[in-house]
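For reference, the structure is listed below as structure tokens.
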Amino acid sequence: MHHERSFSLDTIYNAEEGSVFMTGIQALVRLPLMQRRLDQRRGVSTAGLISGYRGSPLGAYDQQLWKAKNFLDAHDVVFQPGINEDLAATALWGAQMHKAYGPAKVDGVFGIWYGKGNGVDRTGDVFRNANMLGTSALGGVLAVGGDDHAAQSSMFPHQTDGIFQSVNMPVLQPANVSEILSLGMAGIALSRFSGVWVGMKTIAEVVESAAGFDLPNPYPEFVAPSEFVPDHGLNWDPRIDWPAQRAEFERRMIEERLPAVVGWAIANRIDQPVYSSNRKKLCIVTVGKAHQDVMQALENLGIGEDEAEALGLSIYKVAMSWPLAAAPLIEFAGEAEEILVVEEKNPTVEDQIKSTLFNNAGRKPAVTGKKDTRGSQLLPIVMEFSPLMVAKVIVGRLKEGSPINLEARLSALVKSAEGAKIIPFPARKPFFCSGCPHNSSTKTPEGSITGGGIGCHVMALSQPALKTNTFSQMGGEGMQWAGAAPFSNTQHIFQNLGDGTYQHSGLLAIRAAVAGETNITFKILYNDAVAMTGGQPTEGAIDPALITHQLAAEGVKDIHLVSDDPDKWNGASELAEGVTVAHRDEMDVIQRHLRSVLGVTAIVYEQTCAAEKRRRRKRKEFPDPDRRLFINPRVCEGCGDCSVQSNCISVEPLETPFGRKRRINQSSCNKDFSCVKGFCPSFVDIEGPVLRKPDGERLKAMEVELFAALPQPDLPALEQPFNIYVTGIGGLGVLTVGALLGVAGHIDGQMSTVLDFTGLAQKNGAVVSQVRLAPKGKALHAVRIGSGETDLMLGTDLVVSAAADGLAKLNRDKSNAVINSDLAPTADVVTDRDASLPEAEMRDALHKATGDRAFMLKATQLADGLFGNNVTANTLMLGYAWQKGLIPLSLDAMLGAITANG
């Protein structure tokens with residue numbers, strides 16, 4: 001059935017042709033459904049298994065798989081989340097040899113493993129073993145690794161290419177959302193043919209972006225070159241006598257399977273020429289996301305196919321970065337003077353090209369990329385590329401003897417990208433949510449220190465009062481102290497540990513600490529959610545009582561359970577013997593006691609994640625206390641003790657004629673009530689208050705009387721790509737605005753992409769959504785908006801809008817901005833009573849950056865006054881920008897996007 005510009009989950013997952021709009025994560029959900037339909041068409045009896053462990057940029061994969069359960073069930077695809085990454089890979093390994101366990105329901109099981117780059121590192125041992133044994137002919141495994149080249153949501157930048165290569169797994173690198181589908185199908189076919197697991201490298205700009213595109217062929221016909229298949233086959237073979245023939249496994253991998261991988265890639269033309277000039281002066285080889293950067297750089301320089309021919313410029317796109325199918329690439333380059341390899345991070349493809357050419361007879365082209373022919377740096381290994389960076393390198397390689405004045409074009413680009421003057425304003429740093437249990441659980445008595453953990457616990461590093469200055473990999477919590485303790489005069493430390501990490505692998509660290517007789521107290525936070533990645537449940541059966549039994553069984557000596565509701569545990573028979581129960585207010589006393597106890601002790605701290613409380617209360621699934629706290633500003637002395645007691649970001653400064661006071665932001669308050677623990681007479685506790693909701697009759701009257709009378713704006717013509725940069729605070733609807741604009745563009749018949757940068761945004765940090773629109777048929781290459789390329793900034797938060805990244809995106813010659821001028825305080829006010837923001841200077845910077853086309857709108861006050869707290873200011877800003885003719889989208893498309901997104 002042909003779907004034209006429709007938008008629904010059924011279209012995303014079941015349509016076989018036509019134009020669709022989906023995210024990279026949704027493409028990964030669709031992929032196994034496509035594979036199952038392809039197998040059914042061929043009369044093959046198969047099923048699918050997906051297993052792995054979440055982590056940005058694949059943090060939302062499990063959530064989307066759960067939402068798509070009905071689609072998965074209909075296609076015999078099983079989603080089985082892993083306790084951790086390596087156990088998930090082991091389950092997929094077992095599915096490849098499922099017939100070893102007796103009669104089977106299907107002839108083959110294809111698999112998808114997923115994990116953040118750190119998870120790829122962790123799973124190397126399983127990858128090596130499972131890959132060496134091989135996949136089944138009707139199975140195949142695609143291992144999707146989520147890389148973070150610029151450490152947007154990781155402790156350090158990383159890439160997984162080298163890990164996959166070290167365990168002999170081919171690496172595919174999709175450049176956009178569409179290629180997740182086409183290369184994903186190719187990867188499973190390659191895995192089946194060659195008997196190897198196949199890695200797929202994804203980064204945020206691919207898998208966390210959304211795009212409209214025409215669906216690839218749902219029934220591709222892949223070639224299986226028989227000359228690479230030995231008599232005994234390439235797949236898992238139960239007849240091989242292990243371990244007697246361990247060397248035979250290695251021989252088959254190196255001498256048969258990997259050559260078969262290259263042969264298959266060549267036969268199926270997995271790498272593709274993009275431009276092929278008759279006179280090849282410079283041949284650019286692109287890899288993965290860097291292909292977007294090259295194509296955007298050429299477009300920005302005004303280099304189309306005719307100009308490329310005049311310049312002697314050819315482009316070759318590599319989809320499988322290792323092992324490289326070098327022969328067709330070298331043949332394509334032909335008599336080129338130079339091969340320029342554009343790939344982020346380490347020179348994987350570049351080194352393989354050099355190795356291929358080294359012993360070749362005859363003239364060899366120069367091979368450049370990370371360095372030029374003289375050894376000077378061209379493209380960096382660190383961080384990530386931008387189209388402007390790539391444009392500078394291309395012009396540098398082509399300018400000599402060029403029939404086109406490329407340097408003048410580049411100068412114009414550089415000038416346009418200079419953007420506004422960057423001013424070091426205070427940043428919107430991530431912080432524990434309002435009412436977050438970490439606010440209390442991570443506190444440490446004077447004289448003690450605490451080891452940091454991964455996930456939300458990482459944010460303790462930025463708060464000196466919590467006395468935390470270390471972190472470890474997931475599951476290593478406490479082991480650094482075990483190694484340092486024999487050499488330290490410190491007698492004891494505390495160690496933060498989340499329940500998700502505890503279940504993932506942290507229990508092993510506790511076992512090791514017991515074995516090492518380490519003096520340490522593990523503070524295990526049971527918050528009933530994996531909060532950092534979106535509030536998913538922890539895998540497996542786990543609760544505070546079970547944790548106490550596990551700890552006791554491991555030999556932990558002194559166990560305490562603290563809770564915000566201890567009454568439910570007092571006298572409870574399900575707790576381990578000897579466990580002491582107390583209110584969380586007793587944490588300081590308990591910790592002072594435990595730091596004098598030799599050996600391993602533990603505190604199980606039970607308090608539900610504040611963000612999850614909020615979500616569940618909206619769904620009526622969690623108790624909602626019928627009370628609210630207020631601060632009387634006439635009584636408040638502005639001492640800030642309420643912030644000290646609660647460490648809560650909802651306790652905000654309030655400027656009054658009598659000086660700075662404090663107030664509680666009722667919209668963000670999660671009713672933790674820890675702010676009232678001090679000795680302050682200014683608090684007012686009210687029972688039964690209800691936040692004002694929109695008045696339906698009033699809204700209807702406004703719509704009839706006011707909205708209908710508004711003149712229709714003259715919308716800007718969409719002739720070139722149009723870039724919308726949306727800024728704000730995590731959790732306040734910025735991503736929703738970006739999604740609405742992207743879907744509206746799709747419905748309007750335009751090309752559209754959306755790229756979200758979240759990082760720690762859901763923890764009160766900065767969040768950005770980048771939307772690109774273009775006329776139908778006009779390709780959008782890079783999904784990220786470059787410096788000075790923003791046409792419209794929707795600044796839902798003044799602080800994020802005026803930050804260095806925001807100002808750099810603006811262009812005083814073309815940018816417009818609609819800014820929410822109502823200032824929300826930053827996390828600094830929690831630890832600094834007198835922290836303030838340079839509001840006037842930030843506004844002035846935005847006015848200058850846009851050539852005085854920044855429209856300041858008191859959106860928060862307006863939204864509260866008109867609608868109460870249930871309608872965000874972002875909606876008003878979006879409507880205001882559209883009404884002023886700043887958004888090239890029809891009203892029908894905007895309304896259609898709102899309806900489609902529910």
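Note on naming: chains are A, B, ... as they come in the structure tokens, residues start from 1 per chain, ligands start from 1 in the order shown.
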
Give me every strand (DSSP E) residue in range 520-668 of chain A, going by DSSP on the backbone, as a ChimeraX atom specification.
/A:520-526,558-563,580-583,600-606,627-631,651-656,659-664

Set the distance at 7 Å and use only C-alpha atoms: which residues neighbour range 553-566 of chain A once local chain neighbours fewer than 5 positions away are removed? I'd like the list as a compact mmCIF listing (two decimals) with C-alpha atoms, in the first residue's frame.
```
# COMPACT_ATOMS: atom_id res chain seq x y z
CA ARG A 511 31.48 -9.28 46.47
CA VAL A 514 34.01 -8.37 50.90
CA VAL A 579 18.51 -5.28 58.93
CA THR A 580 17.81 -2.00 60.73
CA VAL A 581 15.04 0.23 59.34
CA ALA A 582 15.07 4.02 59.72
CA HIS A 583 13.70 7.19 58.17
CA ARG A 584 15.94 8.90 55.65
CA VAL A 600 31.90 -3.96 54.18
CA THR A 601 28.64 -2.39 55.35
CA ALA A 602 25.65 -1.11 53.39
CA ILE A 603 22.77 1.33 53.37
CA VAL A 604 19.84 0.54 51.09
CA TYR A 605 18.22 3.90 50.48
CA GLU A 606 14.65 3.61 49.19
CA GLN A 607 13.06 6.61 47.53
```

Where does range 463-535 of chain A meet range 429-441 of chain A within 12 Å, residue by residue, with the nearest atom pair and distance in Å to one decimal for each, counting only C-alpha atoms, listed by chain and rising number, as a Markdown table?
```
| residue | atom | partner | partner_atom | distance |
| --- | --- | --- | --- | --- |
| A:Gln463 | CA | A:Phe431 | CA | 9.1 |
| A:Ala465 | CA | A:Asn439 | CA | 10.9 |
| A:Leu466 | CA | A:Asn439 | CA | 9.2 |
| A:Phe494 | CA | A:Ser441 | CA | 11.0 |
| A:Gln495 | CA | A:Ser441 | CA | 10.7 |
| A:Asn496 | CA | A:Ser441 | CA | 8.3 |
| A:Leu497 | CA | A:Ser441 | CA | 10.1 |
| A:Gly498 | CA | A:His438 | CA | 9.7 |
| A:Phe522 | CA | A:Ser441 | CA | 11.1 |
| A:Lys523 | CA | A:Ser441 | CA | 7.5 |
| A:Ile524 | CA | A:Ser441 | CA | 8.7 |
| A:Leu525 | CA | A:Ser441 | CA | 7.1 |
| A:Tyr526 | CA | A:Pro437 | CA | 9.1 |
| A:Asn527 | CA | A:Pro437 | CA | 7.3 |
| A:Asp528 | CA | A:Pro437 | CA | 10.9 |
| A:Ala529 | CA | A:Pro437 | CA | 11.7 |
| A:Ala531 | CA | A:Cys436 | CA | 10.2 |
| A:Met532 | CA | A:Phe432 | CA | 10.5 |
```

Can you write out the residues you just picked, keeping N, CA and C atoms, as a PDB file, in the first residue's frame?
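Writing the result to selection-v9.pdb gives the following:
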```pdb
ATOM      1  N   GLN A 463      29.343  18.937  42.643  1.00  0.00           N
ATOM      2  CA  GLN A 463      28.803  19.559  43.852  1.00  0.00           C
ATOM      3  C   GLN A 463      29.774  19.328  45.018  1.00  0.00           C
ATOM      4  N   ALA A 465      29.918  20.163  47.999  1.00  0.00           N
ATOM      5  CA  ALA A 465      29.357  19.851  49.311  1.00  0.00           C
ATOM      6  C   ALA A 465      29.144  18.352  49.503  1.00  0.00           C
ATOM      7  N   LEU A 466      29.068  17.599  48.411  1.00  0.00           N
ATOM      8  CA  LEU A 466      28.827  16.163  48.512  1.00  0.00           C
ATOM      9  C   LEU A 466      30.121  15.374  48.680  1.00  0.00           C
ATOM     10  N   PHE A 494      32.621   6.018  51.851  1.00  0.00           N
ATOM     11  CA  PHE A 494      31.296   5.609  51.388  1.00  0.00           C
ATOM     12  C   PHE A 494      31.339   5.487  49.870  1.00  0.00           C
ATOM     13  N   GLN A 495      30.444   4.702  49.319  1.00  0.00           N
ATOM     14  CA  GLN A 495      30.413   4.515  47.866  1.00  0.00           C
ATOM     15  C   GLN A 495      28.972   4.562  47.360  1.00  0.00           C
ATOM     16  N   ASN A 496      28.678   5.560  46.496  1.00  0.00           N
ATOM     17  CA  ASN A 496      27.354   5.638  45.876  1.00  0.00           C
ATOM     18  C   ASN A 496      27.186   4.542  44.827  1.00  0.00           C
ATOM     19  N   LEU A 497      25.989   3.967  44.777  1.00  0.00           N
ATOM     20  CA  LEU A 497      25.699   2.909  43.809  1.00  0.00           C
ATOM     21  C   LEU A 497      24.203   2.898  43.543  1.00  0.00           C
ATOM     22  N   GLY A 498      23.814   3.018  42.265  1.00  0.00           N
ATOM     23  CA  GLY A 498      22.404   2.992  41.912  1.00  0.00           C
ATOM     24  C   GLY A 498      21.887   1.577  41.743  1.00  0.00           C
ATOM     25  N   PHE A 522      28.662   0.789  51.184  1.00  0.00           N
ATOM     26  CA  PHE A 522      27.963   1.001  49.922  1.00  0.00           C
ATOM     27  C   PHE A 522      26.599   1.630  50.215  1.00  0.00           C
ATOM     28  N   LYS A 523      26.346   2.767  49.587  1.00  0.00           N
ATOM     29  CA  LYS A 523      25.031   3.418  49.695  1.00  0.00           C
ATOM     30  C   LYS A 523      24.274   3.115  48.411  1.00  0.00           C
ATOM     31  N   ILE A 524      23.397   2.131  48.476  1.00  0.00           N
ATOM     32  CA  ILE A 524      22.688   1.642  47.292  1.00  0.00           C
ATOM     33  C   ILE A 524      21.341   2.351  47.205  1.00  0.00           C
ATOM     34  N   LEU A 525      21.200   3.183  46.212  1.00  0.00           N
ATOM     35  CA  LEU A 525      19.947   3.918  46.036  1.00  0.00           C
ATOM     36  C   LEU A 525      18.966   3.069  45.233  1.00  0.00           C
ATOM     37  N   TYR A 526      17.873   2.718  45.873  1.00  0.00           N
ATOM     38  CA  TYR A 526      16.786   2.048  45.162  1.00  0.00           C
ATOM     39  C   TYR A 526      15.745   3.117  44.808  1.00  0.00           C
ATOM     40  N   ASN A 527      15.827   3.609  43.557  1.00  0.00           N
ATOM     41  CA  ASN A 527      14.874   4.648  43.138  1.00  0.00           C
ATOM     42  C   ASN A 527      13.874   4.139  42.118  1.00  0.00           C
ATOM     43  N   ASP A 528      13.902   2.818  41.861  1.00  0.00           N
ATOM     44  CA  ASP A 528      12.831   2.170  41.094  1.00  0.00           C
ATOM     45  C   ASP A 528      12.785   2.627  39.637  1.00  0.00           C
ATOM     46  N   ALA A 529      13.916   3.086  39.080  1.00  0.00           N
ATOM     47  CA  ALA A 529      13.938   3.516  37.682  1.00  0.00           C
ATOM     48  C   ALA A 529      15.375   3.735  37.255  1.00  0.00           C
ATOM     49  N   ALA A 531      17.028   6.233  35.795  1.00  0.00           N
ATOM     50  CA  ALA A 531      16.594   7.605  35.575  1.00  0.00           C
ATOM     51  C   ALA A 531      17.350   8.313  34.466  1.00  0.00           C
ATOM     52  N   MET A 532      18.646   8.054  34.324  1.00  0.00           N
ATOM     53  CA  MET A 532      19.460   8.824  33.392  1.00  0.00           C
ATOM     54  C   MET A 532      19.026   8.637  31.938  1.00  0.00           C
TER      55      MET A 532
END
```

Next on the checklist: Residues within 8 Å of Leu234 in chain A, please, as a list in words. Count only C-alpha atoms; anything in the same chain fewer than 6 positions from it doesn't count.
Outcome noted: Gly134, Phe193, Ser194, Gly195, Arg252, Glu256 and Arg257 of chain A

Per residue of range 489-607 of chain A within 8 Å of range 67-87 of chain A, record the nearest atom pair and its distance in Å to one decimal, counting only C-alpha atoms, with rows in chain order and ascending residue number, as a tab-separated table.
```
residue	atom	partner	partner_atom	distance
A:Gln503	CA	A:Ile83	CA	7.0
A:His504	CA	A:Asn84	CA	5.1
A:Ser505	CA	A:Asn84	CA	7.3
A:Glu539	CA	A:Ile83	CA	5.7
A:Gly540	CA	A:Ile83	CA	7.2
```

Please identify the alpha helix (DSSP H) residues within range 111-304 of chain A (assignment by DSSP from backbone atoms) and present them as a ChimeraX atom specification.
/A:117-122,124-133,161-166,177-194,204-207,246-251,258-267,290-300

* Please provide as a list in words all residues within 9 Å of Ala325 in chain A, with the sequence filter that same-chain residues fewer than 2 positions apart are discarded (counting only C-alpha atoms). =>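 Everything that qualifies: Val261, Val262, Gly263, Ala265, Ile266, Asp271, Val318, Met320, Ser321, Trp322, Pro323, Ala327, Pro328 and Leu329 of chain A.
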
Write the selection just made, keeping C-alpha atoms, as a PDB file, in the first residue's frame?
```pdb
ATOM      1  CA  VAL A 261      33.082 -10.591   3.778  1.00  0.00           C
ATOM      2  CA  VAL A 262      35.078  -8.492   1.313  1.00  0.00           C
ATOM      3  CA  GLY A 263      33.888 -10.574  -1.627  1.00  0.00           C
ATOM      4  CA  ALA A 265      30.678  -6.418  -0.144  1.00  0.00           C
ATOM      5  CA  ILE A 266      32.143  -6.093  -3.639  1.00  0.00           C
ATOM      6  CA  ASP A 271      30.409   0.994  -1.209  1.00  0.00           C
ATOM      7  CA  VAL A 318      32.521   3.753   2.001  1.00  0.00           C
ATOM      8  CA  MET A 320      31.940  -0.889   5.352  1.00  0.00           C
ATOM      9  CA  SER A 321      34.952   0.705   6.977  1.00  0.00           C
ATOM     10  CA  TRP A 322      36.584  -2.612   7.971  1.00  0.00           C
ATOM     11  CA  PRO A 323      37.628  -4.830   6.322  1.00  0.00           C
ATOM     12  CA  ALA A 327      40.001  -3.074  -4.988  1.00  0.00           C
ATOM     13  CA  PRO A 328      36.952  -1.225  -6.392  1.00  0.00           C
ATOM     14  CA  LEU A 329      37.962   1.908  -4.503  1.00  0.00           C
TER      15      LEU A 329
END
```

Item to check | Atom-to-atom span, CA of Tyr502 in chain A and CA of Ser462 in chain A, Å | outcome: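 Computing the Euclidean distance for CA of Tyr502 in chain A and CA of Ser462 in chain A yields 22.6 Å.
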
Between A:Val196, A:His291, A:Ser314, A:Thr826, smallest distance to Met253 in chain A by only C-alpha atoms belongs to A:Val196

Need the shell around Gly115 in chain A: protein/DNA/RNA residues with any atom at most 10 Å away, counting only C-alpha atoms. Skip same-chain ones fewer than 2 positions apart. Format as a ChimeraX atom specification? /A:51-59,61,84-86,88-89,113,117-123,143-147

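Reported to one decimal place, the separation of CA of Arg128 in chain A from CA of Ile240 in chain A is 17.3 Å.
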
### Message
I need the residue nearest Gly212 in chain A from this list: A:Gly749, A:Gly788, A:Pro888, A:Gly475. Use only C-alpha atoms for the distance.
### Response
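Among the listed residues, the smallest separation from Gly212 in chain A belongs to A:Gly749.
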
Using only C-alpha atoms, the best pick from A:Gly302, A:Gly362, A:Gly369, A:Pro544 as closest to Ile404 in chain A would be A:Gly302

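Minimum distance to Ala95 in chain A across A:Met479, A:Val818, A:Val141, A:Ala189 (counting only C-alpha atoms) occurs at A:Val141.
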
Shortest contact to Ser153 in chain A, candidates A:Thr548, A:Thr736, A:Thr533, A:Asn816, atoms counted only C-alpha atoms, goes to A:Thr533

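Using only C-alpha atoms, the protein and nucleic acid residues lying no more than 8 Å from Asp797 in chain A, apart from those fewer than 6 places from it along its own chain, are Thr727, Gly728, Ile729, Ile819, Asn820, Ser821, Asp822, Leu823 and Ala824 of chain A.
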
I need the chosen residues saved as a PDB file, in the first residue's frame, with C-alpha atoms.
```pdb
ATOM      1  CA  THR A 727      16.844  25.945  22.764  1.00  0.00           C
ATOM      2  CA  GLY A 728      15.636  25.332  26.276  1.00  0.00           C
ATOM      3  CA  ILE A 729      15.712  23.341  29.498  1.00  0.00           C
ATOM      4  CA  ILE A 819      13.080  34.452  22.920  1.00  0.00           C
ATOM      5  CA  ASN A 820      11.311  33.688  26.171  1.00  0.00           C
ATOM      6  CA  SER A 821      12.519  36.639  28.243  1.00  0.00           C
ATOM      7  CA  ASP A 822      11.206  35.230  31.521  1.00  0.00           C
ATOM      8  CA  LEU A 823      14.369  34.150  33.304  1.00  0.00           C
ATOM      9  CA  ALA A 824      14.565  30.741  34.986  1.00  0.00           C
TER      10      ALA A 824
END
```

inquiry  = Please determine, counting only C-alpha atoms, which residue among A:Glu577, A:Asp62, A:Asp748, A:Asp864 has the shortest atom-to-atom distance to Ala897 in chain A.
reply    =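 Counting only C-alpha atoms, the residue closest to Ala897 in chain A is A:Asp748.
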
For range 168-177 of chain A: contacts at 9 Å, only C-alpha atoms, fewer than 5 positions along chain excluded, given as a VMD selection string: chain A and resid 22 to 25 27 127 to 128 131 to 132 161 163 182 to 184 187 196 to 202 205 to 213 253 to 254 258 261 287 to 292 318 to 324 781 783
